[in-house]
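Q: So here's protein05.tsv, just TSV, C-alpha atoms:
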chain	number	residue	atom	x	y	z
B	1	MET	CA	-3.19	10.14	-4.93
B	2	ALA	CA	-6.58	11.78	-5.24
B	3	ALA	CA	-7.56	10.30	-1.89
B	4	PHE	CA	-4.47	11.80	-0.24
B	5	HIS	CA	-5.25	15.23	-1.71
B	6	GLU	CA	-8.76	14.89	-0.31
B	7	LEU	CA	-7.25	14.13	3.09
B	8	VAL	CA	-5.10	17.27	2.81
B	9	ASP	CA	-8.11	19.41	1.94
B	10	ARG	CA	-10.04	18.05	4.90
B	11	HIS	CA	-7.34	18.51	7.53
B	12	ALA	CA	-5.09	21.33	6.31
B	13	ALA	CA	-6.88	24.06	8.27
B	14	TYR	CA	-6.92	22.03	11.48
B	15	LEU	CA	-3.26	21.03	11.17
B	16	TYR	CA	-2.07	24.49	10.21
B	17	GLY	CA	-4.02	26.14	13.04
B	18	MET	CA	-2.56	23.73	15.54
B	19	ALA	CA	0.97	24.10	14.16
B	20	ALA	CA	0.67	27.87	14.37
B	21	SER	CA	-0.01	27.56	18.10
B	22	LEU	CA	2.87	25.18	18.69
B	23	VAL	CA	5.69	26.93	16.85
B	24	SER	CA	6.73	30.55	16.74
B	25	ASN	CA	6.36	31.51	13.10
B	26	ALA	CA	4.35	30.86	9.96
B	27	ALA	CA	7.15	29.26	7.98
B	28	ASP	CA	7.87	26.72	10.72
B	29	ALA	CA	4.14	26.00	10.97
B	30	GLU	CA	3.99	25.26	7.25
B	31	ASP	CA	7.11	23.10	7.46
B	32	ALA	CA	5.56	21.17	10.34
B	33	VAL	CA	2.38	20.49	8.33
B	34	GLN	CA	4.38	19.48	5.25
B	35	GLU	CA	6.47	17.06	7.26
B	36	THR	CA	3.31	15.76	8.94
B	37	LEU	CA	1.86	14.86	5.54
B	38	ALA	CA	5.11	13.19	4.47
B	39	GLY	CA	5.27	11.35	7.80
B	40	ALA	CA	1.66	10.24	7.45
B	41	PHE	CA	2.39	8.93	3.98
B	42	ARG	CA	5.41	6.97	5.19
B	43	GLY	CA	3.48	5.58	8.13
B	44	LEU	CA	0.21	4.76	6.39
B	45	ARG	CA	0.52	1.07	7.03
B	46	SER	CA	1.00	1.68	10.75
B	47	PHE	CA	-2.35	3.47	10.96
B	48	ARG	CA	-4.79	1.49	13.05
B	49	GLU	CA	-8.41	2.40	13.38
B	50	GLU	CA	-8.18	2.33	17.17
B	51	SER	CA	-7.77	6.09	16.84
B	52	SER	CA	-9.30	8.42	14.28
B	53	VAL	CA	-7.29	9.75	11.34
B	54	LYS	CA	-7.51	13.18	12.96
B	55	THR	CA	-5.95	11.92	16.19
B	56	TRP	CA	-3.30	10.03	14.25
B	57	LEU	CA	-2.38	13.15	12.24
B	58	THR	CA	-2.40	15.19	15.46
B	59	GLY	CA	0.23	12.92	17.00
B	60	ILE	CA	2.48	13.22	13.96
B	61	LEU	CA	2.06	16.99	13.86
B	62	VAL	CA	2.94	17.43	17.53
B	63	ARG	CA	6.16	15.48	17.01
B	64	GLN	CA	7.02	17.49	13.88
B	65	ALA	CA	6.25	20.78	15.64
B	66	ALA	CA	8.57	19.76	18.48
B	67	ARG	CA	11.29	19.15	15.91
B	68	GLN	CA	10.64	22.53	14.31
B	69	ALA	CA	10.73	24.21	17.71
B	70	ARG	CA	14.10	22.63	18.50
B	71	GLY	CA	15.72	23.58	15.22
B	72	GLY	CA	13.40	26.08	13.56
B	73	ARG	CA	14.88	27.41	10.34
B	74	HIS	CA	12.77	30.52	10.09
B	75	ALA	CA	13.21	33.34	12.55
B	76	ALA	CA	11.74	36.14	10.50
B	77	ARG	CA	7.96	36.61	10.24
B	78	SER	CA	6.28	35.39	13.36
B	79	ILE	CA	2.59	34.59	13.50
B	80	ASP	CA	2.41	37.05	16.41
B	81	GLN	CA	3.69	39.79	14.15
B	82	GLU	CA	1.12	38.93	11.52
B	83	ALA	CA	-1.66	39.03	14.09
B	84	ALA	CA	-0.35	42.34	15.37
B	85	ARG	CA	-0.35	43.81	11.89
B	86	GLU	CA	-3.96	42.75	11.40
B	87	GLN	CA	-5.00	44.20	14.71
B	88	ALA	CA	-3.09	47.41	14.00
B	89	ALA	CA	-5.51	48.00	11.16
B	90	VAL	CA	-8.33	48.10	13.71
B	91	PRO	CA	-7.36	50.80	16.21
B	92	GLY	CA	-8.71	50.78	19.73
B	93	THR	CA	-9.03	47.03	20.10
B	94	PRO	CA	-7.64	46.06	23.49
B	95	LYS	CA	-8.21	42.42	22.53
B	96	ALA	CA	-5.10	42.70	20.39
B	97	ASP	CA	-2.94	43.05	23.49
B	98	ILE	CA	-4.55	40.09	25.19
B	99	ARG	CA	-4.18	37.92	22.11
B	100	MET	CA	-0.54	38.83	21.74
B	101	ASP	CA	0.17	38.19	25.39
B	102	VAL	CA	-1.72	34.90	25.46
B	103	GLN	CA	0.12	33.74	22.34
B	104	ALA	CA	3.42	34.78	23.88
B	105	ALA	CA	2.54	33.02	27.15
B	106	LEU	CA	1.71	29.85	25.22
B	107	LEU	CA	5.09	29.95	23.53
B	108	GLY	CA	6.66	30.59	26.93
B	109	LEU	CA	5.37	27.29	28.26
B	110	ARG	CA	7.57	24.22	28.13
B	111	ALA	CA	6.74	22.11	25.10
B	112	ASP	CA	4.85	19.28	26.82
B	113	TYR	CA	2.64	21.76	28.69
B	114	ARG	CA	2.00	23.80	25.54
B	115	GLU	CA	0.96	20.64	23.65
B	116	VAL	CA	-1.76	19.64	26.10
B	117	ILE	CA	-3.10	23.20	26.41
B	118	VAL	CA	-3.28	23.62	22.63
B	119	LEU	CA	-4.93	20.24	22.10
B	120	ARG	CA	-7.46	20.74	24.90
B	121	GLU	CA	-8.23	24.45	24.95
B	122	LEU	CA	-7.67	25.46	21.35
B	123	GLN	CA	-8.56	22.27	19.49
B	124	GLY	CA	-11.12	20.87	21.94
B	125	LEU	CA	-9.77	17.32	22.05
B	126	SER	CA	-10.90	15.04	24.87
B	127	TYR	CA	-8.37	13.65	27.37
B	128	GLU	CA	-8.65	10.28	25.63
B	129	GLU	CA	-7.90	11.78	22.22
B	130	ILE	CA	-4.95	13.75	23.62
B	131	ALA	CA	-3.64	10.60	25.28
B	132	GLN	CA	-3.84	8.70	21.99
B	133	ALA	CA	-2.20	11.49	20.00
B	134	LEU	CA	0.66	11.93	22.44
B	135	GLY	CA	1.00	8.27	23.40
B	136	ILE	CA	0.62	8.94	27.13
B	137	PRO	CA	-1.90	7.81	29.78
B	138	THR	CA	-4.99	9.96	30.36
B	139	GLY	CA	-3.82	10.50	33.95
B	140	THR	CA	-0.68	12.15	32.61
B	141	VAL	CA	-2.80	14.35	30.34
B	142	GLU	CA	-4.75	15.51	33.40
B	143	SER	CA	-1.69	16.21	35.53
B	144	ARG	CA	0.11	18.02	32.70
B	145	LEU	CA	-2.97	20.17	32.12
B	146	PHE	CA	-3.12	20.98	35.82
B	147	ARG	CA	0.50	22.18	35.87
B	148	ALA	CA	0.23	23.90	32.48
B	149	ARG	CA	-2.81	25.90	33.63
B	150	ARG	CA	-1.04	26.93	36.81
B	151	GLU	CA	1.96	28.11	34.82
B	152	LEU	CA	-0.22	29.97	32.33
B	153	GLN	CA	-2.10	31.67	35.15
B	154	GLU	CA	1.24	32.87	36.49
B	155	LEU	CA	2.43	34.08	33.07
B	156	LEU	CA	-0.87	35.90	32.53
B	157	ARG	CA	-1.37	37.10	36.10
B	158	ASP	CA	-1.92	40.68	34.94
B	159	TYR	CA	-5.12	39.56	33.24
B	160	MET	CA	-6.30	37.23	36.00
B	161	VAL	CA	-8.80	38.85	38.36
X	162	MET	CA	-1.22	26.51	53.91
X	163	SER	CA	-1.76	23.21	52.12
X	164	GLU	CA	-3.95	23.12	49.02
X	165	CYS	CA	-7.42	21.61	49.04
X	166	GLU	CA	-7.34	17.98	47.95
X	167	TYR	CA	-10.02	18.69	45.34
X	168	ALA	CA	-7.95	21.34	43.58
X	169	GLN	CA	-6.14	18.90	41.30
X	170	LYS	CA	-9.45	17.68	39.87
X	171	LEU	CA	-10.90	21.12	39.14
X	172	GLY	CA	-9.43	21.13	35.63
X	173	ALA	CA	-10.99	17.77	34.79
X	174	TYR	CA	-14.29	19.03	36.21
X	175	HIS	CA	-14.08	22.17	34.06
X	176	ASP	CA	-13.28	20.02	31.01
X	177	GLY	CA	-16.27	17.73	31.62
X	178	GLU	CA	-13.96	14.77	32.08
X	179	LEU	CA	-15.14	13.61	35.50
X	180	PRO	CA	-17.60	10.71	35.78
X	181	PRO	CA	-21.09	11.92	36.80
X	182	ALA	CA	-20.77	10.81	40.44
X	183	GLN	CA	-17.42	12.61	40.88
X	184	ALA	CA	-18.72	15.68	39.09
X	185	ALA	CA	-21.70	15.84	41.47
X	186	GLU	CA	-19.39	15.48	44.46
X	187	MET	CA	-17.18	18.23	43.06
X	188	GLU	CA	-20.14	20.58	42.61
X	189	GLU	CA	-21.16	20.01	46.19
X	190	HIS	CA	-17.62	20.69	47.37
X	191	ILE	CA	-17.19	23.87	45.31
X	192	ALA	CA	-20.36	25.27	46.86
X	193	SER	CA	-18.71	25.11	50.27
X	194	CYS	CA	-15.02	25.76	49.44
X	195	ALA	CA	-14.10	29.34	48.62
X	196	ALA	CA	-10.57	28.40	47.52
X	197	CYS	CA	-11.80	25.86	44.95
X	198	ALA	CA	-14.54	28.21	43.74
X	199	ALA	CA	-11.90	30.89	43.16
X	200	GLU	CA	-9.58	28.44	41.42
X	201	LEU	CA	-12.40	27.25	39.15
X	202	GLY	CA	-13.06	30.89	38.29
X	203	ARG	CA	-9.41	31.32	37.28
X	204	ILE	CA	-9.51	28.18	35.13
X	205	ARG	CA	-12.63	29.46	33.37
X	206	ALA	CA	-11.10	32.91	32.87
X	207	LEU	CA	-7.97	31.36	31.41
X	208	SER	CA	-10.08	29.22	29.09
X	209	GLU	CA	-11.90	32.32	27.86
X	210	MET	CA	-8.59	34.07	27.22
X	211	LEU	CA	-7.27	31.12	25.27
X	212	LYS	CA	-10.35	31.22	23.05
X	213	GLN	CA	-9.08	34.57	21.81
X	214	VAL	CA	-5.91	33.07	20.40
X	215	ARG	CA	-6.13	33.54	16.69
X	216	GLN	CA	-6.39	30.36	14.65
X	217	PRO	CA	-4.97	31.44	11.33
X	218	GLN	CA	-6.54	30.41	8.06
X	219	VAL	CA	-4.34	28.40	5.74
X	220	PRO	CA	-3.02	30.87	3.15
X	221	ALA	CA	-3.90	29.79	-0.39
X	222	ALA	CA	-0.21	29.67	-1.32
X	223	THR	CA	0.49	27.38	1.63
X	224	LEU	CA	-2.33	25.05	0.62
X	225	ARG	CA	-0.93	24.89	-2.91
X	226	ARG	CA	2.52	24.04	-1.52
X	227	LEU	CA	1.02	21.31	0.66
X	228	HIS	CA	-0.61	19.72	-2.38
X	229	ARG	CA	2.65	20.02	-4.31
X	230	ARG	CA	4.39	18.25	-1.43
X	231	VAL	CA	1.88	15.44	-1.75
X	232	ASP	CA	2.58	15.27	-5.48
X	233	SER	CA	6.28	14.97	-4.75
X	234	LEU	CA	5.69	11.83	-2.72
X	235	PRO	CA	6.38	8.58	-4.61
X	236	ASN	CA	4.45	8.58	-7.87
X	237	LEU	CA	1.90	5.82	-7.79
X	238	THR	CA	0.39	6.19	-11.24
X	239	ILE	CA	2.56	3.60	-12.95
X	240	HIS	CA	1.99	1.12	-10.17
X	241	ARG	CA	-1.78	1.71	-10.34
X	242	LEU	CA	-1.88	1.31	-14.14
X	243	ALA	CA	0.05	-1.94	-13.86
X	244	GLU	CA	-2.46	-3.19	-11.30
X	245	ILE	CA	-5.39	-2.31	-13.56
X	246	ALA	CA	-3.73	-3.91	-16.61
X	247	ALA	CA	-3.16	-7.08	-14.61
X	248	ALA	CA	-6.78	-7.06	-13.45
X	249	VAL	CA	-8.06	-6.61	-17.02
X	250	ALA	CA	-5.81	-9.41	-18.29
X	251	ALA	CA	-7.09	-11.69	-15.57
X	252	ALA	CA	-10.67	-10.79	-16.48
X	253	VAL	CA	-10.08	-11.61	-20.16
X	254	LEU	CA	-8.59	-14.94	-19.15
X	255	VAL	CA	-11.55	-15.76	-16.92
X	256	THR	CA	-14.04	-14.71	-19.64
X	257	CYS	CA	-12.35	-16.88	-22.27
X	258	SER	CA	-12.26	-19.82	-19.90
X	259	VAL	CA	-15.96	-19.46	-19.12
X	260	LEU	CA	-16.91	-19.14	-22.81
X	261	LEU	CA	-14.80	-22.12	-23.77
X	262	ALA	CA	-16.25	-24.21	-20.99
X	263	THR	CA	-19.86	-23.29	-21.82
X	264	ALA	CA	-19.32	-23.75	-25.57
X	265	SER	CA	-17.87	-27.20	-25.08
X	266	ALA	CA	-20.67	-28.16	-22.69
X	267	GLY	CA	-23.34	-26.76	-25.02
X	268	THR	CA	-24.98	-24.69	-22.31
X	269	ALA	CA	-25.76	-20.95	-22.00
X	270	PRO	CA	-22.90	-18.57	-20.94
X	271	ALA	CA	-22.69	-17.60	-17.33
X	272	ALA	CA	-24.83	-14.57	-16.50
X	273	SER	CA	-22.14	-12.54	-14.80
X	274	LEU	CA	-18.38	-12.21	-14.56
X	275	PRO	CA	-16.40	-12.42	-11.34
X	276	GLU	CA	-16.77	-9.21	-9.33
X	277	GLY	CA	-13.30	-8.95	-7.81
X	278	TRP	CA	-11.55	-7.61	-10.89
X	279	GLU	CA	-14.35	-5.12	-11.51
X	280	ILE	CA	-13.88	-3.65	-8.06
X	281	ALA	CA	-10.11	-3.53	-8.52
X	282	ALA	CA	-10.37	-1.84	-11.91
X	283	VAL	CA	-12.71	0.98	-10.86
X	284	PRO	CA	-10.79	4.13	-9.97
X	285	HIS	CA	-11.60	5.57	-6.56
X	286	THR	CA	-11.64	9.15	-7.77
X	287	ALA	CA	-15.36	9.22	-8.48
X	288	ALA	CA	-16.09	7.97	-5.00
X	289	LEU	CA	-14.15	10.71	-3.17
X	290	SER	CA	-17.28	12.35	-1.95
X	291	ALA	CA	-17.90	14.17	1.26
X	292	ALA	CA	-19.62	11.04	2.47
X	293	SER	CA	-16.34	9.08	2.47
X	294	SER	CA	-14.86	8.78	5.92
X	295	ASP	CA	-11.24	9.66	6.64
X	296	GLU	CA	-10.60	6.03	7.43
X	297	GLN	CA	-11.99	5.00	4.02
X	298	LEU	CA	-9.64	7.48	2.35
X	299	VAL	CA	-6.66	6.06	4.21
X	300	MET	CA	-7.69	2.54	3.19
X	301	TRP	CA	-7.80	3.58	-0.48
X	302	ILE	CA	-4.43	5.28	-0.26
X	303	VAL	CA	-2.89	2.17	1.27
X	304	GLN	CA	-4.47	0.01	-1.46
X	305	ASP	CA	-2.90	2.28	-4.07
X	306	LEU	CA	0.56	2.00	-2.62
X	307	ALA	CA	3.28	-0.38	-3.60
X	308	PRO	CA	4.61	-2.18	-0.49
X	309	GLU	CA	8.20	-1.06	-1.07
X	310	LYS	CA	7.23	2.62	-0.83
X	311	LEU	CA	6.13	2.44	2.78
X	312	ASP	CA	7.90	1.96	6.05
X	313	ASP	CA	6.51	-0.87	8.09
Before we go any further, please render this structure as structure tokens.
A:
Amino acid sequence: MAAFHELVDRHAAYLYGMAASLVSNAADAEDAVQETLAGAFRGLRSFREESSVKTWLTGILVRQAARQARGGRHAARSIDQEAAREQAAVPGTPKADIRMDVQAALLGLRADYREVIVLRELQGLSYEEIAQALGIPTGTVESRLFRARRELQELLRDYMV
Amino acid sequence: MSECEYAQKLGAYHDGELPPAQAAEMEEHIASCAACAAELGRIRALSEMLKQVRQPQVPAATLRRLHRRVDSLPNLTIHRLAEIAAAVAAAVLVTCSVLLATASAGTAPAASLPEGWEIAAVPHTAALSAASSDEQLVMWIVQDLAPEKLDD
């Protein structure tokens, strides 16, 4: 299992960062990553090198995060709250408000819109990679991104000039 | 008022996903369409805002729990040892056969042993370097797994 541990070390930060943007609290994010690793293990034989390991793991994580979002077990410590606590230690940083509001707006999006925004804007995946991870055509990625951006602009209209 | 027909492609243009010819056409259009220029500005502003979303580091305790989760997956050690033992047994058999054959023929022993068992018997651990690709890692993991432990 040394190779699997190596895989965890390589992708843990990426997976956890993405999970944190897709679910509402740290515990659910960790659960999503744990279940992603278990799911990857179970599905190892189904991995095909048509996509990269990163894209493959991304697809599993998005599905696990959606499950967590539907039936999240942990309501207590949100990632927002943790970010707020960190920012509170640095008084006079207006960026804290923007970050909090952007994070809240992301969580306010419907799940399929949030997924494409997180994968494109936060993780920098190409349309092709997003399409592979989500199992949808690239045209659908583009149209979802269009609608997701419109919705986010509306949710964040106070910051839009 | 109906929206400009180019508006739906502004996101793809911003993301660098348009083919060069379409991107050039879009640039030309934006230069003459105030509505699209404004919309592109909003898309860029939104993108800048999203860059401020905090990407949390993995807490050390979380990383430890992730590795423990991996350890709790089906234990492969016994299966791996059995594979190695079988490979070694096969190698001994091949060696004896070669020695017997050469002794009876009165010729010199073969210079080298078959390579397959050697490859099978070498643990991958030493090779887990940064140079290994993710895909190589997955291949090794699959090789280490017993068929019954995986879903097809």
Q: So how many Å separate CA of Ala111 in chain B and CA of Gly59 in chain B, to one decimal?
A: 13.9 Å
Q: I need the chain B residues near chain X as a PyMOL selection string; criterion: at most 6 Å, counting only C-alpha atoms.
A: chain B and resi 3+13+17+34+42+99
Q: I'd like the contact shell of range 130-143 of chain B - 12 Å cut-off, only C-alpha atoms, skipping same-chain residues fewer than 4 positions apart - returned as an mmCIF file with C-alpha atoms, keeping the file's coordinate frame.
A:
data_model
loop_
_atom_site.group_PDB
_atom_site.id
_atom_site.type_symbol
_atom_site.label_atom_id
_atom_site.label_comp_id
_atom_site.auth_asym_id
_atom_site.auth_seq_id
_atom_site.Cartn_x
_atom_site.Cartn_y
_atom_site.Cartn_z
ATOM 1 C CA ARG B 48 -4.790 1.490 13.050
ATOM 2 C CA GLU B 49 -8.410 2.400 13.380
ATOM 3 C CA GLU B 50 -8.180 2.330 17.170
ATOM 4 C CA SER B 51 -7.770 6.090 16.840
ATOM 5 C CA SER B 52 -9.300 8.420 14.280
ATOM 6 C CA VAL B 53 -7.290 9.750 11.340
ATOM 7 C CA LYS B 54 -7.510 13.180 12.960
ATOM 8 C CA THR B 55 -5.950 11.920 16.190
ATOM 9 C CA TRP B 56 -3.300 10.030 14.250
ATOM 10 C CA LEU B 57 -2.380 13.150 12.240
ATOM 11 C CA THR B 58 -2.400 15.190 15.460
ATOM 12 C CA GLY B 59 0.230 12.920 17.000
ATOM 13 C CA ILE B 60 2.480 13.220 13.960
ATOM 14 C CA LEU B 61 2.060 16.990 13.860
ATOM 15 C CA VAL B 62 2.940 17.430 17.530
ATOM 16 C CA ARG B 63 6.160 15.480 17.010
ATOM 17 C CA ALA B 66 8.570 19.760 18.480
ATOM 18 C CA ASP B 112 4.850 19.280 26.820
ATOM 19 C CA TYR B 113 2.640 21.760 28.690
ATOM 20 C CA ARG B 114 2.000 23.800 25.540
ATOM 21 C CA GLU B 115 0.960 20.640 23.650
ATOM 22 C CA VAL B 116 -1.760 19.640 26.100
ATOM 23 C CA ILE B 117 -3.100 23.200 26.410
ATOM 24 C CA VAL B 118 -3.280 23.620 22.630
ATOM 25 C CA LEU B 119 -4.930 20.240 22.100
ATOM 26 C CA ARG B 120 -7.460 20.740 24.900
ATOM 27 C CA GLU B 121 -8.230 24.450 24.950
ATOM 28 C CA GLN B 123 -8.560 22.270 19.490
ATOM 29 C CA GLY B 124 -11.120 20.870 21.940
ATOM 30 C CA LEU B 125 -9.770 17.320 22.050
ATOM 31 C CA SER B 126 -10.900 15.040 24.870
ATOM 32 C CA ARG B 147 0.500 22.180 35.870
ATOM 33 C CA ALA B 148 0.230 23.900 32.480
ATOM 34 C CA ARG B 149 -2.810 25.900 33.630
ATOM 35 C CA ARG B 150 -1.040 26.930 36.810
ATOM 36 C CA ALA X 168 -7.950 21.340 43.580
ATOM 37 C CA GLN X 169 -6.140 18.900 41.300
ATOM 38 C CA LYS X 170 -9.450 17.680 39.870
ATOM 39 C CA LEU X 171 -10.900 21.120 39.140
ATOM 40 C CA GLY X 172 -9.430 21.130 35.630
ATOM 41 C CA ALA X 173 -10.990 17.770 34.790
ATOM 42 C CA TYR X 174 -14.290 19.030 36.210
ATOM 43 C CA HIS X 175 -14.080 22.170 34.060
ATOM 44 C CA ASP X 176 -13.280 20.020 31.010
ATOM 45 C CA GLY X 177 -16.270 17.730 31.620
ATOM 46 C CA GLU X 178 -13.960 14.770 32.080
ATOM 47 C CA LEU X 179 -15.140 13.610 35.500
#
Q: Just give me the gap between CA of Ala65 in chain B and CA of Arg110 in chain B in Å, one decimal is fine.
A: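 A separation of 13.0 Å between them.
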